[in-house]
Structures are given as structure tokens and as C-alpha cells.
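Raw contents of target-v9.txt, compact mmCIF, C-alpha atoms and all ligand atoms:
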# COMPACT_ATOMS: atom_id res chain seq x y z
CA MET B 10 68.32 170.79 70.32
CA SER B 11 70.81 172.41 72.65
CA ALA B 12 68.88 175.24 74.18
CA ARG B 13 70.98 178.07 75.58
CA ARG B 14 70.12 179.19 79.08
CA ARG B 15 68.43 182.30 77.74
CA PRO B 16 66.67 181.32 74.53
CA ILE B 17 66.29 183.15 71.26
CA ILE B 18 62.86 182.65 69.73
CA ALA B 19 62.22 183.73 66.13
CA ILE B 20 58.73 184.56 64.88
CA ASP B 21 58.45 185.36 61.17
CA GLY B 22 55.51 185.75 58.83
CA PRO B 23 53.56 188.26 56.77
CA ALA B 24 51.73 191.32 58.08
CA GLY B 25 48.53 190.53 59.96
CA ALA B 26 49.47 186.91 60.71
CA GLY B 27 49.36 187.60 64.44
CA LYS B 28 53.10 187.82 65.09
CA THR B 29 53.03 190.86 67.35
CA THR B 30 50.36 189.55 69.68
CA ALA B 31 51.95 186.10 69.73
CA ALA B 32 55.44 187.47 70.35
CA ARG B 33 54.29 189.74 73.15
CA ASN B 34 52.24 186.99 74.77
CA ILE B 35 54.95 184.36 74.70
CA ALA B 36 57.56 186.87 75.88
CA GLU B 37 55.38 187.69 78.83
CA ARG B 38 54.65 184.06 79.68
CA LEU B 39 58.32 183.06 79.51
CA SER B 40 59.63 186.30 81.08
CA LEU B 41 61.61 187.24 77.97
CA VAL B 42 61.97 190.58 76.23
CA TYR B 43 60.36 191.17 72.89
CA LEU B 44 62.08 192.72 69.90
CA ASP B 45 59.84 194.06 67.15
CA THR B 46 62.31 194.34 64.29
CA GLY B 47 59.68 195.78 61.94
CA ALA B 48 59.41 198.75 64.29
CA THR B 49 63.00 199.71 63.46
CA PHE B 50 62.20 199.84 59.73
CA ARG B 51 59.12 201.87 60.60
CA ALA B 52 61.21 204.29 62.69
CA VAL B 53 63.63 204.83 59.80
CA ALA B 54 60.70 205.22 57.39
CA LEU B 55 59.09 207.80 59.70
CA LYS B 56 62.28 209.83 59.86
CA ALA B 57 62.75 209.55 56.09
CA LEU B 58 59.21 210.84 55.55
CA ARG B 59 59.79 213.72 57.96
CA GLU B 60 63.09 214.65 56.30
CA SER B 61 61.91 213.99 52.73
CA ILE B 62 64.62 211.42 52.07
CA ASP B 63 64.27 209.49 48.83
CA MET B 64 62.86 206.01 49.71
CA ASP B 65 64.75 204.53 46.75
CA ASP B 66 68.14 205.76 47.97
CA GLY B 67 69.50 202.89 50.07
CA GLU B 68 72.73 204.65 50.96
CA ALA B 69 70.95 207.77 52.18
CA LEU B 70 68.58 205.63 54.25
CA ALA B 71 71.44 203.64 55.78
CA ALA B 72 73.24 206.91 56.59
CA LEU B 73 70.04 208.25 58.13
CA ALA B 74 69.74 205.14 60.33
CA ALA B 75 73.41 205.29 61.29
CA SER B 76 73.05 208.90 62.43
CA SER B 77 69.87 208.15 64.41
CA ARG B 78 69.39 206.73 67.89
CA ILE B 79 66.95 203.83 67.70
CA GLU B 80 66.27 202.34 71.12
CA PHE B 81 63.73 200.12 72.81
CA ALA B 82 62.23 200.98 76.17
CA GLY B 83 59.74 199.59 78.66
CA GLU B 84 59.83 196.45 80.75
CA ARG B 85 59.53 194.15 77.72
CA PHE B 86 60.86 196.59 75.11
CA GLU B 87 57.35 197.45 74.02
CA ARG B 88 58.20 201.10 73.27
CA ILE B 89 60.49 202.41 70.56
CA LEU B 90 62.44 205.66 70.79
CA LEU B 91 63.79 207.58 67.84
CA ASP B 92 66.42 210.13 68.84
CA GLY B 93 64.88 210.08 72.30
CA GLU B 94 61.30 210.63 71.08
CA ASP B 95 58.73 207.91 71.80
CA VAL B 96 57.42 207.11 68.31
CA SER B 97 55.58 203.89 69.26
CA GLU B 98 52.25 205.32 68.06
CA ALA B 99 53.50 207.46 65.16
CA ILE B 100 55.10 204.46 63.43
CA ARG B 101 51.73 202.65 63.25
CA GLU B 102 50.23 205.07 60.72
CA GLN B 103 49.30 203.54 57.38
CA ARG B 104 51.66 205.86 55.44
CA VAL B 105 54.56 204.75 57.66
CA ALA B 106 53.65 201.07 57.18
CA ASN B 107 53.70 201.56 53.42
CA ALA B 108 57.02 203.41 53.54
CA SER B 109 58.56 200.78 55.81
CA SER B 110 58.31 198.01 53.22
CA ARG B 111 59.89 200.35 50.66
CA VAL B 112 62.88 201.11 52.87
CA ALA B 113 63.19 197.42 53.85
CA VAL B 114 64.32 196.42 50.34
CA HIS B 115 67.71 198.12 50.76
CA ALA B 116 70.63 195.88 51.71
CA GLU B 117 72.67 198.75 53.20
CA LEU B 118 69.90 199.66 55.60
CA ARG B 119 69.15 196.03 56.45
CA ALA B 120 72.81 195.42 57.31
CA HIS B 121 72.77 198.31 59.74
CA LEU B 122 69.54 197.25 61.45
CA VAL B 123 70.49 193.57 61.61
CA GLU B 124 73.60 194.60 63.52
CA LEU B 125 71.46 196.55 65.96
CA TRP B 126 69.05 193.61 66.52
CA ARG B 127 71.89 191.13 66.98
CA ALA B 128 73.59 193.38 69.53
CA ILE B 129 70.38 193.64 71.54
CA ALA B 130 69.44 189.95 71.27
CA LYS B 131 72.86 188.32 71.60
CA PRO B 132 72.66 187.66 75.34
CA GLY B 133 69.44 185.72 74.67
CA GLY B 134 66.17 185.82 76.54
CA VAL B 135 64.53 187.42 73.52
CA VAL B 136 61.58 186.83 71.22
CA LEU B 137 62.30 188.49 67.87
CA GLU B 138 59.52 189.21 65.45
CA GLY B 139 60.16 189.97 61.79
CA ARG B 140 60.45 188.55 58.28
CA ASP B 141 63.97 187.11 58.16
CA ILE B 142 64.81 186.28 61.77
CA GLY B 143 64.86 182.49 61.36
CA THR B 144 66.45 182.59 57.91
CA VAL B 145 69.09 185.34 58.13
CA VAL B 146 69.35 187.12 61.46
CA PHE B 147 69.43 184.14 63.86
CA PRO B 148 69.51 180.99 61.72
CA ASP B 149 70.49 179.08 64.88
CA ALA B 150 67.61 180.40 67.00
CA ASP B 151 66.43 177.91 69.61
CA ILE B 152 62.92 177.87 68.19
CA LYS B 153 61.57 179.28 64.95
CA PHE B 154 57.93 179.92 64.23
CA PHE B 155 56.35 180.93 60.96
CA LEU B 156 52.91 182.42 61.43
CA ASP B 157 50.54 182.79 58.52
CA ALA B 158 46.83 183.36 57.89
CA ARG B 159 44.48 183.71 54.92
CA PRO B 160 45.06 187.06 53.16
CA GLY B 161 41.44 188.19 53.67
CA GLU B 162 41.69 187.49 57.40
CA ARG B 163 45.03 189.33 57.66
CA ALA B 164 43.57 192.37 55.88
CA LYS B 165 40.53 192.33 58.18
CA ARG B 166 42.77 192.28 61.27
CA ARG B 167 44.90 195.14 60.00
CA PHE B 168 41.81 197.13 59.09
CA THR B 169 40.35 196.70 62.59
CA GLU B 170 43.65 197.92 64.10
CA GLN B 171 44.07 200.87 61.73
CA ALA B 172 40.44 202.00 61.91
CA GLU B 173 40.93 202.70 65.62
CA LYS B 174 43.72 205.14 64.78
CA GLU B 175 42.89 206.82 61.50
CA SER B 176 40.34 207.03 58.73
CA VAL B 177 40.88 204.03 56.43
CA THR B 178 38.75 201.69 54.33
CA LEU B 179 38.99 197.90 54.12
CA ASP B 180 39.72 198.23 50.39
CA ARG B 181 42.64 200.58 51.04
CA VAL B 182 44.10 198.37 53.77
CA THR B 183 43.66 195.24 51.61
CA HIS B 184 45.38 196.91 48.69
CA ASP B 185 48.27 198.24 50.80
CA LEU B 186 48.73 194.82 52.43
CA GLU B 187 48.94 193.13 49.03
CA VAL B 188 51.57 195.64 47.89
CA ARG B 189 53.61 195.16 51.08
CA ASP B 190 53.28 191.35 50.89
CA GLU B 191 54.52 191.35 47.34
CA SER B 192 57.47 193.60 48.16
CA ASP B 193 58.39 191.65 51.33
CA ARG B 194 58.28 188.29 49.51
CA SER B 195 59.96 189.25 46.27
CA ARG B 196 62.77 191.59 47.32
CA ALA B 197 66.31 190.47 46.56
CA HIS B 198 67.67 190.82 50.09
CA SER B 199 66.31 188.73 52.96
CA PRO B 200 62.85 188.17 51.48
CA LEU B 201 60.06 186.83 53.65
CA ARG B 202 60.13 183.05 53.61
CA ARG B 203 59.72 180.22 56.05
CA ALA B 204 62.94 178.72 57.39
CA GLU B 205 63.01 174.99 56.68
CA ASP B 206 63.10 174.18 60.36
CA ALA B 207 60.42 176.66 61.38
CA ILE B 208 57.20 175.46 62.96
CA GLU B 209 54.36 176.75 60.82
CA ILE B 210 51.16 177.88 62.49
CA ASN B 211 48.15 179.05 60.53
CA THR B 212 46.29 181.48 62.75
CA THR B 213 43.27 182.10 60.47
CA ASP B 214 40.83 180.34 62.77
CA LEU B 215 42.75 180.69 66.03
CA THR B 216 42.17 183.15 68.83
CA PRO B 217 45.30 184.85 70.24
CA GLU B 218 45.01 182.53 73.26
CA GLN B 219 44.93 179.42 71.06
CA THR B 220 47.94 180.68 69.11
CA LEU B 221 49.79 181.25 72.37
CA GLU B 222 48.97 177.73 73.53
CA LYS B 223 50.48 176.29 70.35
CA LEU B 224 53.61 178.38 70.75
CA LEU B 225 53.98 177.42 74.40
CA GLU B 226 53.53 173.72 73.61
CA ALA B 227 56.36 173.82 71.10
CA ALA B 228 58.53 176.01 73.30
CA THR B 229 58.13 173.73 76.31
CA GLU B 230 59.08 170.71 74.22
CA ARG B 231 62.14 172.34 72.67
CA LEU B 232 63.49 174.29 75.59
CA ASN B 233 63.31 171.57 78.23
O1 LIG B 301 56.14 193.82 60.92
P1 LIG B 301 55.92 195.20 60.40
O2 LIG B 301 54.67 195.30 59.58
O3 LIG B 301 55.96 196.24 61.47
O4 LIG B 301 57.16 195.50 59.44
C1 LIG B 301 57.30 196.70 58.72
C2 LIG B 301 58.04 196.43 57.41
O5 LIG B 301 59.38 196.11 57.69
C3 LIG B 301 57.46 195.27 56.59
O6 LIG B 301 56.88 195.69 55.39
C4 LIG B 301 58.61 194.38 56.28
C5 LIG B 301 59.80 195.00 56.91
N1 LIG B 301 60.53 194.05 57.78
C6 LIG B 301 61.55 193.34 57.22
O7 LIG B 301 61.80 193.46 56.02
N2 LIG B 301 62.32 192.51 57.99
C7 LIG B 301 62.06 192.37 59.29
N3 LIG B 301 62.81 191.55 60.03
C8 LIG B 301 60.97 193.07 59.87
C9 LIG B 301 60.21 193.90 59.08
Give the structure from this file in C-alpha cells form.
Ligand code: DC
Amino acid sequence: MSARRRPIIAIDGPAGAGKTTAARNIAERLSLVYLDTGATFRAVALKALRESIDMDDGEALAALAASSRIEFAGERFERILLDGEDVSEAIREQRVANASSRVAVHAELRAHLVELWRAIAKPGGVVLEGRDIGTVVFPDADIKFFLDARPGERAKRRFTEQAEKESVTLDRVTHDLEVRDESDRSRAHSPLRRAEDAIEINTTDLTPEQTLEKLLEAATERLN
């Protein structure tokens, strides 16, 4: 594979598969920035909730995104700003997560956000995390990973994260994850699926460190 000087690494997979931790860790180890594409859907969903925009109205949501400033900040792009406001924490609420998979079905909105991600990532040196990075956004990424884990394990991880922030039950988180999974996999535009040339890693029984080791092994092989 002809690796560009500043690589583009794609990490796709369902919620709770360990993408965020893996993407942040590998970005840090390889001195790359990290682009959490899901955070941009969450930012739009947050604004739509605040402004009572209909989640089924793709045009209205795309117009909302187009009239908003969505920016990443911090050394590795770990913060997200919406119209100048740091919404990194606010977008992690369960209601925003649920709304984000509803807004993500709309092609008009996706087109707008894909343009934003490509503009940021084009120079390379980026790890992008999402659902369609290896299939649609950067089909020629230098390395593609597809992370997955058993549904019960994914729900447990999400529950542990959410319980630190708000009052939730494992049943609620499991149910919401199933609904989001179904929507992300079955939507007409850019559904979640593994790119044929993606390296699949099942993280069910792996610690974050073990996952990182696997990613680094593959990255070292492909990028050198
Ligand atoms: O990764 P996440 O849970 O923060 O993503 C939030 C939602 O955004 C998720 O339900 C799927 C959607 N998403 C998407 O459709 N495409 C992406 N590249 C990233 C996220």
C-alpha cells in the first residue's frame, strides 16, 4: 500500500465497540489528530433538540448544520465547539445519543457533514472514527479498522459511561443501543458496514491496551 506521508486511518464500528478509546490512543501514539465524526451528528442533534427542529426533516437539519459553526479544538481535537460553545459534555447525554442516530439517516445532512470532515482530514495525519469512514468518506484511507464486540458487552460499556453522567438503567441503555444499532445498520444512506479491506478486531475480551497493541501492529506493518 502506498502510504501518504501523513496517513488517514479509518475506524468504524457500532456504538460501544471501543472506537473512541482506540482512536484517541492510536492518535496519541502516532502523533496524529483525532476526528470524532459522530460528535458532529451529536452537535447537530443537540441544536435540533434545543430549537425543537423536527428530527424527520432532513432539509431543515441540513440547513441547521449549514448555519452553525461546528469546530474541533484542543491539541488532538478532543473538544467540539458548536457556535463557539464547548458542547463536548452536553453531546454525551443519552437523549442526544438517541437523537443523533435519528438525524444521521438524512442524506442532506450527511452530505454537509462529510464535506466538513473531508476538509479537516484532507491534509492527512488524522484518525477518523465513525460508521462510514472506510466505506464512503475515505474509501482510500491508508488503514481501515472495523471494531466490534458482543452486544451485551457494548451495552455494559455504554452503561458504565452513562451512569457516571446521568441516571440511567442497564435495561434503558441496552434498549437504546439496540434501537441505534438497528437504525445505523439499516438506513438507506451510508449504513454501518465493514469495508471489505478493513481489518476487523473484536474487542469483547480485550482491554483498551490490548486493542491499541493490535491497532499499532497493523499500522506499523502498513505504514512502513
Ligand atoms: O459514534 P457516536 O455514537 O458518537 O455516533 C452518534 C451517531 O451518529 C450514531 O448513532 C451514528 C451516527 N454516525 C454516523 O451515522 N456516521 C458516522 N460517520 C458517525 C456517526
| Close residues, Asn34 in chain B itself excluded, 12 Å, only C-alpha atoms, min 2 positions apart in chain, as a PyMOL selection string | chain B and resi 27-32+36-43+85+87+136+217-225
| message | Residues near Ile100 in chain B, anyone? I mean within 9 Å using all atoms listed in the file, not counting same-chain ones fewer than 4 positions away, as a list of chain:residue names. | response | B:Ala48, B:Arg51, B:Ala52, B:Ala54, B:Leu55, B:Val96, B:Arg104, B:Val105, B:Ala106
Quick one: everything within 12 Å of range 206-211 of chain B, counting all atoms listed in the file, minus sequence neighbours fewer than 2 positions away in the same chain. Send it as a PDB file with C-alpha atoms, keeping the file's coordinate frame.
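Result saved to selection.pdb:
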ATOM      1  CA  MET B  10      68.320 170.790  70.320  1.00  0.00           C
ATOM      2  CA  ILE B  18      62.860 182.650  69.730  1.00  0.00           C
ATOM      3  CA  ALA B  19      62.220 183.730  66.130  1.00  0.00           C
ATOM      4  CA  ILE B  20      58.730 184.560  64.880  1.00  0.00           C
ATOM      5  CA  ASP B  21      58.450 185.360  61.170  1.00  0.00           C
ATOM      6  CA  GLY B  22      55.510 185.750  58.830  1.00  0.00           C
ATOM      7  CA  PRO B  23      53.560 188.260  56.770  1.00  0.00           C
ATOM      8  CA  GLY B  25      48.530 190.530  59.960  1.00  0.00           C
ATOM      9  CA  ALA B  26      49.470 186.910  60.710  1.00  0.00           C
ATOM     10  CA  GLY B  27      49.360 187.600  64.440  1.00  0.00           C
ATOM     11  CA  LYS B  28      53.100 187.820  65.090  1.00  0.00           C
ATOM     12  CA  ALA B  31      51.950 186.100  69.730  1.00  0.00           C
ATOM     13  CA  ASP B 141      63.970 187.110  58.160  1.00  0.00           C
ATOM     14  CA  ILE B 142      64.810 186.280  61.770  1.00  0.00           C
ATOM     15  CA  GLY B 143      64.860 182.490  61.360  1.00  0.00           C
ATOM     16  CA  THR B 144      66.450 182.590  57.910  1.00  0.00           C
ATOM     17  CA  PHE B 147      69.430 184.140  63.860  1.00  0.00           C
ATOM     18  CA  PRO B 148      69.510 180.990  61.720  1.00  0.00           C
ATOM     19  CA  ASP B 149      70.490 179.080  64.880  1.00  0.00           C
ATOM     20  CA  ALA B 150      67.610 180.400  67.000  1.00  0.00           C
ATOM     21  CA  ASP B 151      66.430 177.910  69.610  1.00  0.00           C
ATOM     22  CA  ILE B 152      62.920 177.870  68.190  1.00  0.00           C
ATOM     23  CA  LYS B 153      61.570 179.280  64.950  1.00  0.00           C
ATOM     24  CA  PHE B 154      57.930 179.920  64.230  1.00  0.00           C
ATOM     25  CA  PHE B 155      56.350 180.930  60.960  1.00  0.00           C
ATOM     26  CA  LEU B 156      52.910 182.420  61.430  1.00  0.00           C
ATOM     27  CA  ASP B 157      50.540 182.790  58.520  1.00  0.00           C
ATOM     28  CA  ALA B 158      46.830 183.360  57.890  1.00  0.00           C
ATOM     29  CA  ARG B 159      44.480 183.710  54.920  1.00  0.00           C
ATOM     30  CA  PRO B 160      45.060 187.060  53.160  1.00  0.00           C
ATOM     31  CA  GLU B 162      41.690 187.490  57.400  1.00  0.00           C
ATOM     32  CA  ARG B 163      45.030 189.330  57.660  1.00  0.00           C
ATOM     33  CA  ARG B 202      60.130 183.050  53.610  1.00  0.00           C
ATOM     34  CA  ARG B 203      59.720 180.220  56.050  1.00  0.00           C
ATOM     35  CA  ALA B 204      62.940 178.720  57.390  1.00  0.00           C
ATOM     36  CA  THR B 213      43.270 182.100  60.470  1.00  0.00           C
ATOM     37  CA  ASP B 214      40.830 180.340  62.770  1.00  0.00           C
ATOM     38  CA  LEU B 215      42.750 180.690  66.030  1.00  0.00           C
ATOM     39  CA  THR B 216      42.170 183.150  68.830  1.00  0.00           C
ATOM     40  CA  PRO B 217      45.300 184.850  70.240  1.00  0.00           C
ATOM     41  CA  GLN B 219      44.930 179.420  71.060  1.00  0.00           C
ATOM     42  CA  THR B 220      47.940 180.680  69.110  1.00  0.00           C
ATOM     43  CA  LEU B 221      49.790 181.250  72.370  1.00  0.00           C
ATOM     44  CA  GLU B 222      48.970 177.730  73.530  1.00  0.00           C
ATOM     45  CA  LYS B 223      50.480 176.290  70.350  1.00  0.00           C
ATOM     46  CA  LEU B 224      53.610 178.380  70.750  1.00  0.00           C
ATOM     47  CA  GLU B 226      53.530 173.720  73.610  1.00  0.00           C
ATOM     48  CA  ALA B 227      56.360 173.820  71.100  1.00  0.00           C
ATOM     49  CA  ALA B 228      58.530 176.010  73.300  1.00  0.00           C
ATOM     50  CA  ARG B 231      62.140 172.340  72.670  1.00  0.00           C
TER      51      ARG B 231
END
Using all atoms listed in the file, give me every residue within 8 Å of (66.3, 205.5, 57.5) in file coordinates, as a compact mmCIF listing (two decimals) with C-alpha atoms, in the coordinates of the input.
# COMPACT_ATOMS: atom_id res chain seq x y z
CA PHE B 50 62.20 199.84 59.73
CA ALA B 52 61.21 204.29 62.69
CA VAL B 53 63.63 204.83 59.80
CA ALA B 54 60.70 205.22 57.39
CA LEU B 55 59.09 207.80 59.70
CA LYS B 56 62.28 209.83 59.86
CA ALA B 57 62.75 209.55 56.09
CA ALA B 69 70.95 207.77 52.18
CA LEU B 70 68.58 205.63 54.25
CA ALA B 71 71.44 203.64 55.78
CA ALA B 72 73.24 206.91 56.59
CA LEU B 73 70.04 208.25 58.13
CA ALA B 74 69.74 205.14 60.33
CA VAL B 112 62.88 201.11 52.87
CA LEU B 118 69.90 199.66 55.60
| said: I'd like the interatomic distance between CA of Leu122 in chain B and CA of Ala164 in chain B, to a tenth of an Å. | reply: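 A separation of 27.0 Å between them.
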| query | In Å, how far is it from CA of Thr183 in chain B to atom O4 of ligand LIG 301 (chain B)? | reply | 15.6 Å
| note | Here CA of Ala130 in chain B and CA of Arg15 in chain B stand apart by 10.1 Å
| request: Counting only C-alpha atoms and all ligand atoms, figure out which residue out of B:Ser192, B:Ser110, B:Thr178, B:Gln171 gets nearest to ligand LIG 301 (chain B). | output: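 Of all the options, B:Ser110 lies closest to ligand LIG 301 (chain B).
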| query | Which polymer residues have any atom within 12 Å of an atom of Ala116 in chain B, counting only C-alpha atoms, with same-chain residues fewer than 4 positions away left out, as number ranges by chain? | reply | B: 65-71, 111-112, 120-123, 196-200
| task | May I ask which of the residues B:Asp185, B:Glu230, B:Glu205, B:Glu175 is the closest one to ligand LIG 301 (chain B), counting all atoms listed in the file? | result |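 Closest to ligand LIG 301 (chain B), using all atoms listed in the file: B:Asp185.
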| query | Nearest to His184 in chain B among B:Gly161, B:Glu117, B:Glu138, B:Thr229, with distances taken over all atoms listed in the file: which residue is it? | reply |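 Of B:Gly161, B:Glu117, B:Glu138, B:Thr229, the one nearest His184 in chain B is B:Gly161, counting all atoms listed in the file.
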| request: Pick out the closest residue to ligand LIG 301 (chain B) from this set: B:Ile89, B:Leu58, B:Leu137, B:Val182. Count only C-alpha atoms and all ligand atoms. | output: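 Checking each of B:Ile89, B:Leu58, B:Leu137, B:Val182 against ligand LIG 301 (chain B), counting only C-alpha atoms and all ligand atoms, the winner is B:Leu137.
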| field | Using all atoms listed in the file: which of B:Gly93, B:Pro16, B:Gly47, B:Gly83 has the shortest distance to ligand LIG 301 (chain B) | value | B:Gly47
| field | Nearest candidate to Glu84 in chain B (options B:Ala99, B:Leu44, B:Ile62, B:Ala113; using all atoms listed in the file) | value |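 The closest residue to Glu84 in chain B is B:Leu44.
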